[in-house]
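Trainee: My file is query.cif. It has mmCIF, C-alpha atoms and all ligand atoms:
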```
data_protein
loop_
_atom_site.label_atom_id
_atom_site.label_comp_id
_atom_site.auth_asym_id
_atom_site.auth_seq_id
_atom_site.Cartn_x
_atom_site.Cartn_y
_atom_site.Cartn_z
CA MET A 1 10.94 -3.04 -1.01
CA THR A 2 14.17 -4.02 0.55
CA THR A 3 16.39 -6.38 -1.36
CA HIS A 4 16.31 -9.09 1.25
CA LEU A 5 12.61 -9.47 0.65
CA ILE A 6 12.92 -10.17 -3.03
CA ALA A 7 11.95 -13.75 -2.44
CA LEU A 8 8.50 -12.56 -1.59
CA ALA A 9 8.05 -10.91 -4.92
CA ILE A 10 6.71 -14.08 -6.43
CA LEU A 11 3.92 -14.04 -3.90
CA LEU A 12 3.22 -10.37 -4.15
CA SER A 13 3.35 -10.53 -7.90
CA LEU A 14 0.16 -12.51 -7.79
CA ILE A 15 -1.79 -10.08 -5.68
CA PRO A 16 -3.93 -7.58 -7.50
CA SER A 17 -3.21 -4.33 -5.81
CA THR A 18 -1.90 -0.98 -6.74
CA GLY A 19 1.61 -1.32 -8.05
CA ALA A 20 1.66 -5.08 -7.82
CA ARG A 21 1.58 -7.62 -10.58
CA PRO A 22 -1.59 -9.62 -10.54
CA ALA A 23 -1.86 -12.91 -12.26
CA LEU A 24 -4.41 -13.95 -14.73
CA ALA A 25 -3.51 -17.43 -15.61
CA HIS A 26 -3.71 -18.89 -19.03
CA GLY A 27 -3.01 -22.34 -20.21
CA ALA A 28 -3.60 -25.61 -21.88
CA GLN A 29 -7.22 -26.06 -20.99
CA THR A 30 -8.30 -23.27 -23.25
CA THR A 31 -5.54 -23.35 -25.84
CA GLY A 32 -7.04 -23.24 -29.25
CA ALA A 33 -10.41 -22.06 -28.05
CA GLU A 34 -11.60 -18.99 -29.87
CA CYS A 35 -10.49 -15.70 -28.38
CA VAL A 36 -11.95 -12.61 -29.99
CA ALA A 37 -10.75 -9.21 -28.86
CA PRO A 38 -10.45 -5.72 -30.25
CA ASP A 39 -7.04 -4.41 -31.21
CA LEU A 40 -5.37 -2.29 -28.61
CA PRO A 41 -4.72 1.33 -29.50
CA PRO A 42 -1.09 1.99 -30.42
CA GLY A 43 1.12 1.99 -27.36
CA THR A 44 3.94 0.35 -25.53
CA PRO A 45 4.52 -1.05 -22.06
CA THR A 46 6.00 1.24 -19.49
CA PRO A 47 9.75 0.61 -19.24
CA MET A 48 10.33 -1.52 -16.18
CA GLU A 49 12.56 1.10 -14.58
CA ASP A 50 9.68 3.58 -14.77
CA MET A 51 7.14 1.33 -13.15
CA GLY A 52 5.38 2.74 -10.13
CA PRO A 53 5.71 1.58 -6.57
CA PRO A 54 7.86 -1.51 -6.27
CA GLU A 55 6.29 -4.81 -5.60
CA GLY A 56 5.74 -5.09 -1.92
CA SER A 57 4.33 -1.63 -1.50
CA PRO A 58 1.37 -1.61 0.79
CA PRO A 59 -1.74 -2.34 -1.17
CA VAL A 60 -4.31 0.36 -0.79
CA GLU A 61 -7.25 -1.28 -2.43
CA ASP A 62 -8.44 -4.81 -2.51
CA ALA A 63 -9.52 -6.95 -5.37
CA ALA A 64 -13.03 -5.59 -5.33
CA GLY A 65 -11.93 -2.00 -5.05
CA MET A 66 -13.14 -1.60 -1.50
CA ASP A 67 -11.87 1.12 0.73
CA MET A 68 -8.94 -0.40 2.52
CA GLY A 69 -8.34 2.46 4.89
CA THR A 70 -6.15 1.51 7.79
CA PRO A 71 -5.80 3.07 11.21
CA GLY A 72 -3.65 6.13 11.05
CA SER A 73 -4.18 6.72 7.38
CA ALA A 74 -5.22 10.13 6.19
CA ASP A 75 -8.87 9.27 5.85
CA THR A 76 -9.09 8.35 9.49
CA ALA A 77 -7.03 11.23 10.80
CA GLY A 78 -8.77 12.94 13.63
CA SER A 79 -10.20 9.79 15.08
CA ASP A 80 -7.29 9.74 17.50
CA ASP A 81 -7.11 6.45 19.29
CA ALA A 82 -10.54 5.23 18.36
CA PRO A 83 -10.52 2.45 15.79
CA PRO A 84 -11.87 3.57 12.46
CA PRO A 85 -15.27 2.35 11.43
CA ALA A 86 -15.17 -0.84 9.46
CA ALA A 87 -15.07 -0.28 5.75
CA PRO A 88 -18.42 -0.73 4.07
CA LEU A 89 -19.22 -4.13 2.73
CA PRO A 90 -18.48 -4.45 -0.95
CA THR A 91 -21.26 -3.15 -3.06
CA ILE A 92 -22.74 -5.85 -5.21
CA PRO A 93 -24.70 -3.97 -7.80
CA ALA A 94 -28.25 -5.20 -7.99
CA GLY A 95 -29.47 -6.46 -11.30
CA THR A 96 -32.42 -8.07 -12.93
CA PRO A 97 -32.51 -11.34 -14.86
CA ALA A 98 -31.37 -10.83 -18.42
CA ASP A 99 -33.46 -11.64 -21.46
CA THR A 100 -32.37 -14.54 -23.62
CA SER A 101 -30.27 -12.60 -26.09
CA SER A 102 -28.47 -10.62 -23.40
CA ALA A 103 -27.88 -13.79 -21.43
CA GLU A 104 -26.40 -15.53 -24.44
CA ARG A 105 -24.21 -12.56 -25.13
CA ALA A 106 -22.90 -12.40 -21.57
CA ILE A 107 -22.25 -16.14 -21.40
CA ALA A 108 -20.38 -15.99 -24.69
CA GLY A 109 -18.45 -12.96 -23.48
CA ALA A 110 -17.35 -14.66 -20.27
CA GLN A 111 -16.35 -17.81 -22.16
CA ASN A 112 -14.43 -15.71 -24.66
CA LEU A 113 -12.59 -13.88 -21.90
CA VAL A 114 -11.57 -17.17 -20.30
CA ASN A 115 -10.41 -18.36 -23.72
CA CYS A 116 -8.33 -15.21 -24.06
CA PHE A 117 -6.80 -15.75 -20.62
CA GLY A 118 -5.80 -19.15 -21.97
CA SER A 119 -4.45 -17.85 -25.25
CA PRO A 120 -0.81 -16.93 -25.85
CA ASP A 121 -2.00 -13.48 -26.89
CA ALA A 122 -2.00 -11.62 -23.62
CA GLU A 123 -2.90 -8.40 -25.38
CA ALA A 124 -6.26 -9.92 -26.26
CA ALA A 125 -7.14 -10.44 -22.63
CA ALA A 126 -5.92 -6.94 -21.81
CA ALA A 127 -8.07 -5.54 -24.59
CA LEU A 128 -11.14 -7.08 -22.98
CA MET A 129 -10.83 -5.10 -19.75
CA THR A 130 -11.94 -1.58 -19.00
CA ALA A 131 -9.47 0.96 -17.67
CA ALA A 132 -11.49 1.08 -14.46
CA PHE A 133 -10.87 -2.62 -13.98
CA THR A 134 -7.17 -2.57 -14.78
CA LEU A 135 -6.56 0.43 -12.54
CA ILE A 136 -7.95 -1.49 -9.58
CA GLU A 137 -6.64 -4.94 -10.41
CA PHE A 138 -3.35 -4.11 -12.10
CA GLY A 139 -2.62 -0.63 -10.81
CA THR A 140 -2.40 0.76 -14.33
CA ASP A 141 -4.57 1.91 -17.21
CA ASN A 142 -1.87 1.04 -19.74
CA PRO A 143 -3.15 -2.13 -21.42
CA TYR A 144 0.36 -3.02 -22.55
CA ASP A 145 1.48 -3.16 -18.94
CA VAL A 146 -1.53 -5.35 -18.21
CA ALA A 147 -0.64 -7.64 -21.10
CA ARG A 148 2.93 -7.91 -19.88
CA ASP A 149 1.69 -8.83 -16.42
CA ILE A 150 -0.62 -11.47 -17.81
CA ALA A 151 2.09 -12.89 -20.07
CA SER A 152 4.62 -13.08 -17.26
CA ASP A 153 2.54 -15.45 -15.19
CA ALA A 154 2.40 -19.17 -15.05
CA THR A 155 0.16 -21.01 -17.44
CA PRO A 156 -2.10 -23.37 -15.58
CA SER A 157 -5.27 -24.56 -17.17
CA ILE A 158 -8.43 -22.61 -16.58
CA THR A 159 -11.74 -24.38 -16.32
CA ILE A 160 -15.18 -22.87 -16.08
CA GLU A 161 -16.93 -24.92 -13.43
CA SER A 162 -20.23 -23.12 -13.79
CA LEU A 163 -21.49 -20.04 -15.58
CA GLY A 164 -24.93 -18.49 -15.51
CA ASP A 165 -27.41 -16.25 -13.71
CA VAL A 166 -26.93 -13.41 -16.17
CA GLN A 167 -28.23 -10.08 -14.99
CA THR A 168 -28.63 -6.69 -16.55
CA HIS A 169 -27.97 -3.50 -14.67
CA ASP A 170 -29.31 0.02 -14.83
CA ASP A 171 -25.89 1.30 -15.84
CA GLY A 172 -25.97 -0.83 -18.96
CA ARG A 173 -23.66 -3.52 -17.71
CA LEU A 174 -24.22 -7.26 -17.92
CA SER A 175 -23.06 -9.60 -15.20
CA VAL A 176 -22.57 -13.33 -14.86
CA ASP A 177 -22.10 -15.67 -11.94
CA ILE A 178 -19.00 -17.76 -12.62
CA VAL A 179 -17.11 -20.46 -10.79
CA VAL A 180 -13.70 -20.84 -12.34
CA SER A 181 -10.68 -22.90 -11.40
CA GLY A 182 -7.07 -22.38 -12.36
CA LEU A 183 -7.27 -18.62 -12.74
CA PHE A 184 -4.40 -17.50 -10.48
CA SER A 185 -2.76 -20.85 -9.92
CA PRO A 186 -3.67 -24.39 -10.96
CA ASN A 187 -5.31 -24.86 -7.58
CA THR A 188 -7.48 -21.78 -7.23
CA TYR A 189 -11.22 -22.29 -7.24
CA LEU A 190 -13.10 -19.02 -7.32
CA HIS A 191 -16.70 -17.90 -7.28
CA HIS A 192 -17.06 -14.49 -8.84
CA ARG A 193 -19.61 -12.22 -10.38
CA TRP A 194 -18.10 -10.63 -13.46
CA TYR A 195 -19.53 -7.32 -14.69
CA PHE A 196 -19.13 -6.48 -18.35
CA VAL A 197 -19.51 -3.23 -20.26
CA PRO A 198 -20.76 -3.68 -23.83
CA ASP A 199 -18.32 -2.01 -26.22
CA GLY A 200 -19.21 -2.46 -29.86
CA ASP A 201 -19.08 -6.15 -30.63
CA HIS A 202 -17.20 -6.90 -27.44
CA LEU A 203 -17.84 -7.19 -23.76
CA LYS A 204 -15.17 -5.72 -21.51
CA LEU A 205 -14.64 -6.87 -17.96
CA ASP A 206 -15.34 -3.89 -15.72
CA GLN A 207 -15.49 -5.36 -12.21
CA TRP A 208 -15.42 -8.61 -10.37
CA VAL A 209 -16.81 -9.38 -6.97
CA TRP A 210 -15.52 -12.32 -4.96
CA LEU A 211 -18.31 -14.48 -3.58
CA PRO A 212 -18.40 -17.38 -1.13
CA VAL A 213 -17.39 -20.69 -2.67
CA GLU A 214 -20.56 -22.67 -2.10
CA SER A 215 -19.78 -25.78 -4.09
CA ALA A 216 -16.96 -27.00 -1.86
CA ASP A 217 -16.32 -30.31 -0.15
CA PHE A 218 -14.82 -28.71 2.90
CA ARG A 219 -14.89 -25.30 4.52
CA VAL A 220 -12.32 -23.60 6.70
CA GLU A 221 -12.68 -20.26 8.42
CA ILE A 222 -9.63 -18.12 9.00
CA THR A 223 -10.10 -15.32 11.49
CA MET A 224 -7.65 -12.47 11.01
CA THR A 225 -6.73 -10.18 13.86
CA ASP A 226 -3.95 -7.63 14.32
CA PHE A 227 -1.66 -9.55 13.70
CA ALA A 228 -2.47 -13.24 13.72
CA TYR A 229 -4.51 -15.93 12.04
CA ASP A 230 -6.81 -18.39 13.73
CA LEU A 231 -7.82 -21.34 11.55
CA SER A 232 -10.95 -23.31 12.32
CA GLN A 233 -8.98 -26.37 11.23
CA THR A 234 -5.32 -26.82 10.54
CA THR A 235 -5.59 -30.20 8.87
CA LEU A 236 -7.35 -30.27 5.52
CA PRO A 237 -8.17 -33.12 3.15
CA ALA A 238 -6.19 -33.73 -0.02
CA ASP A 239 -7.79 -33.68 -3.45
CA GLN A 240 -10.91 -31.87 -2.30
CA THR A 241 -12.32 -28.46 -3.07
CA ILE A 242 -11.85 -26.32 -0.01
CA ALA A 243 -13.73 -23.09 0.59
CA ILE A 244 -11.86 -20.53 2.64
CA ASP A 245 -13.65 -17.70 4.40
CA GLY A 246 -11.26 -15.12 5.78
CA VAL A 247 -12.96 -13.09 8.49
CA ASN A 248 -11.15 -9.84 9.23
CA ALA A 249 -11.79 -9.13 12.89
CA GLY A 250 -8.95 -6.63 13.11
CA ASP A 251 -8.62 -2.92 12.60
CA TYR A 252 -6.30 -3.28 9.63
CA ALA A 253 -6.77 -4.66 6.15
CA HIS A 254 -5.31 -8.14 5.90
CA GLU A 255 -4.59 -10.72 3.27
CA ILE A 256 -4.28 -14.46 3.11
CA VAL A 257 -1.52 -15.60 0.80
CA VAL A 258 -1.21 -19.37 0.57
CA PHE A 259 2.05 -20.90 -0.62
CA GLN A 260 4.40 -23.81 -0.17
CA LEU A 261 8.10 -23.71 0.55
CA PRO A 262 10.68 -26.31 -0.43
CA ALA A 263 11.10 -29.09 2.10
CA GLY A 264 12.87 -27.87 5.18
CA ALA A 265 12.61 -24.17 4.35
CA THR A 266 10.94 -21.77 6.75
CA VAL A 267 9.02 -18.52 6.40
CA GLU A 268 11.82 -16.83 8.30
CA GLN A 269 14.28 -17.99 5.64
CA LEU A 270 11.93 -16.74 2.95
CA LEU A 271 11.73 -13.31 4.57
CA ILE A 272 15.49 -12.92 4.65
CA GLY A 273 15.86 -14.03 1.07
CA ASP A 274 17.30 -17.45 1.69
CA VAL A 275 14.68 -19.24 -0.38
CA PRO A 276 14.88 -18.83 -4.17
CA GLU A 277 11.63 -17.36 -5.37
CA GLU A 278 11.33 -19.96 -8.10
CA ASP A 279 11.10 -22.54 -5.33
CA VAL A 280 8.09 -20.87 -3.73
CA ARG A 281 4.82 -22.26 -5.03
CA PHE A 282 1.86 -19.91 -4.88
CA TYR A 283 -1.64 -21.31 -4.46
CA GLY A 284 -4.09 -18.52 -3.83
CA PHE A 285 -4.91 -15.37 -1.97
CA ALA A 286 -7.68 -13.17 -0.69
CA ILE A 287 -7.89 -9.72 0.83
CA ALA A 288 -10.31 -8.34 3.40
CA ALA A 289 -10.88 -4.89 4.79
CA PRO A 290 -11.71 -4.56 8.49
CA GLY A 291 -15.09 -6.08 9.19
CA GLN A 292 -15.22 -7.88 5.89
CA THR A 293 -14.92 -11.52 4.92
CA ALA A 294 -12.79 -12.60 2.00
CA HIS A 295 -13.69 -15.66 0.01
CA PHE A 296 -11.69 -17.98 -2.17
CA GLY A 297 -11.19 -21.66 -2.72
CA LEU A 298 -8.42 -24.15 -3.34
CA THR A 299 -8.82 -27.45 -5.09
CA GLY A 300 -6.77 -30.57 -5.61
CA LEU A 301 -4.19 -29.84 -2.94
CA GLU A 302 -1.57 -32.50 -2.49
CA PRO A 303 -0.48 -33.67 0.96
CA GLY A 304 2.03 -31.38 2.57
CA THR A 305 2.56 -28.27 4.62
CA TYR A 306 1.12 -24.99 3.40
CA HIS A 307 1.95 -21.54 4.69
CA ILE A 308 -0.18 -18.43 5.07
CA ILE A 309 1.20 -14.94 5.49
CA CYS A 310 -0.02 -11.35 5.37
CA TYR A 311 2.47 -9.08 3.72
CA PHE A 312 0.51 -5.87 4.10
CA ASP A 313 2.41 -3.07 5.77
CA SER A 314 1.52 -1.55 9.07
CA PRO A 315 1.61 2.25 9.12
CA ASP A 316 5.15 1.96 10.42
CA GLY A 317 6.13 0.06 7.31
CA ILE A 318 6.59 -3.29 8.98
CA PRO A 319 4.83 -6.07 7.09
CA HIS A 320 2.28 -7.88 9.21
CA VAL A 321 4.13 -11.16 8.75
CA MET A 322 7.05 -9.58 10.61
CA ARG A 323 4.66 -9.07 13.52
CA GLY A 324 3.83 -12.73 13.52
CA MET A 325 0.98 -12.80 11.04
CA GLU A 326 1.68 -16.22 9.65
CA ALA A 327 0.14 -19.65 9.99
CA GLU A 328 0.30 -23.03 8.38
CA PHE A 329 -1.96 -25.92 7.66
CA ILE A 330 -1.38 -29.52 6.78
CA VAL A 331 -3.03 -31.33 3.89
CA GLU A 332 -3.19 -35.06 4.33
CU CU A 401 -2.28 -8.20 7.75
#
```
For this file, produce the structure as structure tokens.

Mentor:
Amino acid sequence: MTTHLIALAILLSLIPSTGARPALAHGAQTTGAECVAPDLPPGTPTPMEDMGPPEGSPPVEDAAGMDMGTPGSADTAGSDDAPPPAAPLPTIPAGTPADTSSAERAIAGAQNLVNCFGSPDAEAAAALMTAAFTLIEFGTDNPYDVARDIASDATPSITIESLGDVQTHDDGRLSVDIVVSGLFSPNTYLHHRWYFVPDGDHLKLDQWVWLPVESADFRVEITMTDFAYDLSQTTLPADQTIAIDGVNAGDYAHEIVVFQLPAGATVEQLLIGDVPEEDVRFYGFAIAAPGQTAHFGLTGLEPGTYHIICYFDSPDGIPHVMRGMEAEFIVE
């Protein structure tokens, strides 16, 4: 990552991808609520200077762990000039409705995890995730690095909007359907299925799948091509819950990172480091492999101008935003 792009770190820091620093928000809404977690095994965070790829490295996997292969990458070598086949749709493991005791356990486990996200003890939240999950979402299996990442993020309130439809799976996991707001920023509104692995008295988060936000007041579709966005609407209502469906019609993996700049600042100024990162306000993000649709929601947006960029790298190392992959919308 070149130094003049440091201003983007605040955005990238919130994107779960290998080597990046994902955010799991925690805050007032759940402060004081009971958070029960196992102790972590003895360990320490990786010294910062030894951390892996710098923020801004091209993500190689998305939030659901899908294959994010891009044209020209090793796994498509040999296809010459033909576009690679679209990555498979994310696998949503099938389940069956849980019995009452399993359902109660899963509901309590999801509530507890949200409570831990909202607790000052970031190690508790880290202790409630499997290594498989943290490798995909945090790029590490060191829970102390995960805890540091969680602790370094902002502390908006997290609210469970709905929680239910518990299922059991042949691999022993339990899953819940959850709509949660405030998880990555105060304005995110997400519909997930969370998969838990029972581990002694605890349930550990093992996977999450991003689902369409159905309970929204307004829906906008963002079509992503190589390298541009096309929004079905560019004016959105304030103080509503907005579902965003990001359709990747390109040959590359793309992301939608939504943020606001200080009045008068431009994306170009951000890219050259002329906007202090503390002045950039992050709202939400989603990632989609070719042929896939990413889903997320935003709620309670205030009137103003919002920017969207894709900071994924092309094979030549040029971030897509540098090729013009940016857009904006107005909330009024
Ligand atoms: Cu892109």

Trainee: Please, which residues have at least one atom within 8 Å of an atom of ligand CU 401 (chain A), using only C-alpha atoms and all ligand atoms, listed as a list of chain:residue names?

Mentor: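 I would give the residues around ligand CU 401 (chain A) as A:Met224, A:Thr225, A:Asp226, A:Phe227, A:Ala228, A:Tyr252, A:Ala253, A:His254, A:Glu255, A:Ile309, A:Cys310, A:Tyr311, A:Phe312, A:Asp313, A:Ser314, A:Pro319, A:His320, A:Val321, A:Met325.
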
Trainee: Neighbours of range 95-106 of chain A within 8 Å (all atoms listed in the file; same-chain residues fewer than 3 positions away dropped), as a PyMOL selection string?

Mentor: chain A and resi 109-110+165-170+174-176+196+203

Trainee: Might you pull out every residue within 10 Å of Pro237 in chain A, with all atoms listed in the file counted and same-chain residues fewer than 6 positions away left off, and present them as number ranges by chain?

Mentor: A: 217-218, 300-303, 330-332

Trainee: Check the smallest atom-to-atom distance from each of A:Thr140, A:Gln292, A:Thr235, A:Thr159 to Leu211 in chain A using only C-alpha atoms, then report the winner.

Mentor: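 Of A:Thr140, A:Gln292, A:Thr235, A:Thr159, the one nearest Leu211 in chain A is A:Gln292, counting only C-alpha atoms.
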
Trainee: In terms of the shortest atom-to-atom distance over only C-alpha atoms, which of A:Thr134, A:Thr266, A:Thr241, A:Ser119 is closest to Val146 in chain A?

Mentor: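 Using only C-alpha atoms, the shortest distance to Val146 in chain A belongs to A:Thr134.
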
Trainee: May I ask for the distance between CA of Ser152 in chain A and CA of Tyr195 in chain A, given in Å to one decimal place?

Mentor: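 About the pair CA of Ser152 in chain A and CA of Tyr195 in chain A: they are 25.0 Å apart.
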
Trainee: Which residue is closest to Glu161 in chain A? Choose from A:Leu128, A:Leu135, A:Ile222, A:Ala216 and count all atoms listed in the file.

Mentor: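 Among A:Leu128, A:Leu135, A:Ile222, A:Ala216, it is A:Ala216 that comes nearest to Glu161 in chain A.
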
Trainee: Here is a test: counting all atoms listed in the file, which residue of A:Leu298, A:Val220, A:Ile308, A:Ala238 is nearest to Leu261 in chain A?

Mentor: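 Answer, going by the shortest atom-to-atom distance: A:Ile308.
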
Trainee: Measure the distance from CA of Gly139 in chain A to CA of Pro186 in chain A in Å and round it to one decimal.

Mentor: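 According to the coordinates, CA of Gly139 in chain A and CA of Pro186 in chain A are separated by 23.8 Å.
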
Trainee: Let me have the centre and edge lengths in Å, one decimal, of the box along x, y and z around every listed atom of range 318-323 of chain A with 5 Å of margin on each side, as lines of an AutoDock Vina configuration file.

Mentor:
```
center_x = 4.7
center_y = -7.2
center_z = 10.3
size_x = 14.8
size_y = 17.9
size_z = 16.4
```

Trainee: Between A:Pro315, A:Pro47, A:Pro120, A:Gly304, which has the minimum distance to Glu34 in chain A (counting only C-alpha atoms)?

Mentor: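 Closest to Glu34 in chain A, using only C-alpha atoms: A:Pro120.
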
Trainee: Considering only C-alpha atoms, can you say which of A:Val114, A:Ala151, A:Met129, A:Ala288 comes closest to Ala249 in chain A?

Mentor: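 Of A:Val114, A:Ala151, A:Met129, A:Ala288, the one nearest Ala249 in chain A, counting only C-alpha atoms, is A:Ala288.
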
Trainee: Any idea what the distance is between CA of Gly324 in chain A and CA of Ala289 in chain A?

Mentor: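 So the answer is 18.8 Å.
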
Trainee: Using all atoms listed in the file, which residues sit within 9 Å of Pro198 in chain A once same-chain residues fewer than 3 positions away are excluded, as a PyMOL selection string?

Mentor: chain A and resi 172-174+201-204
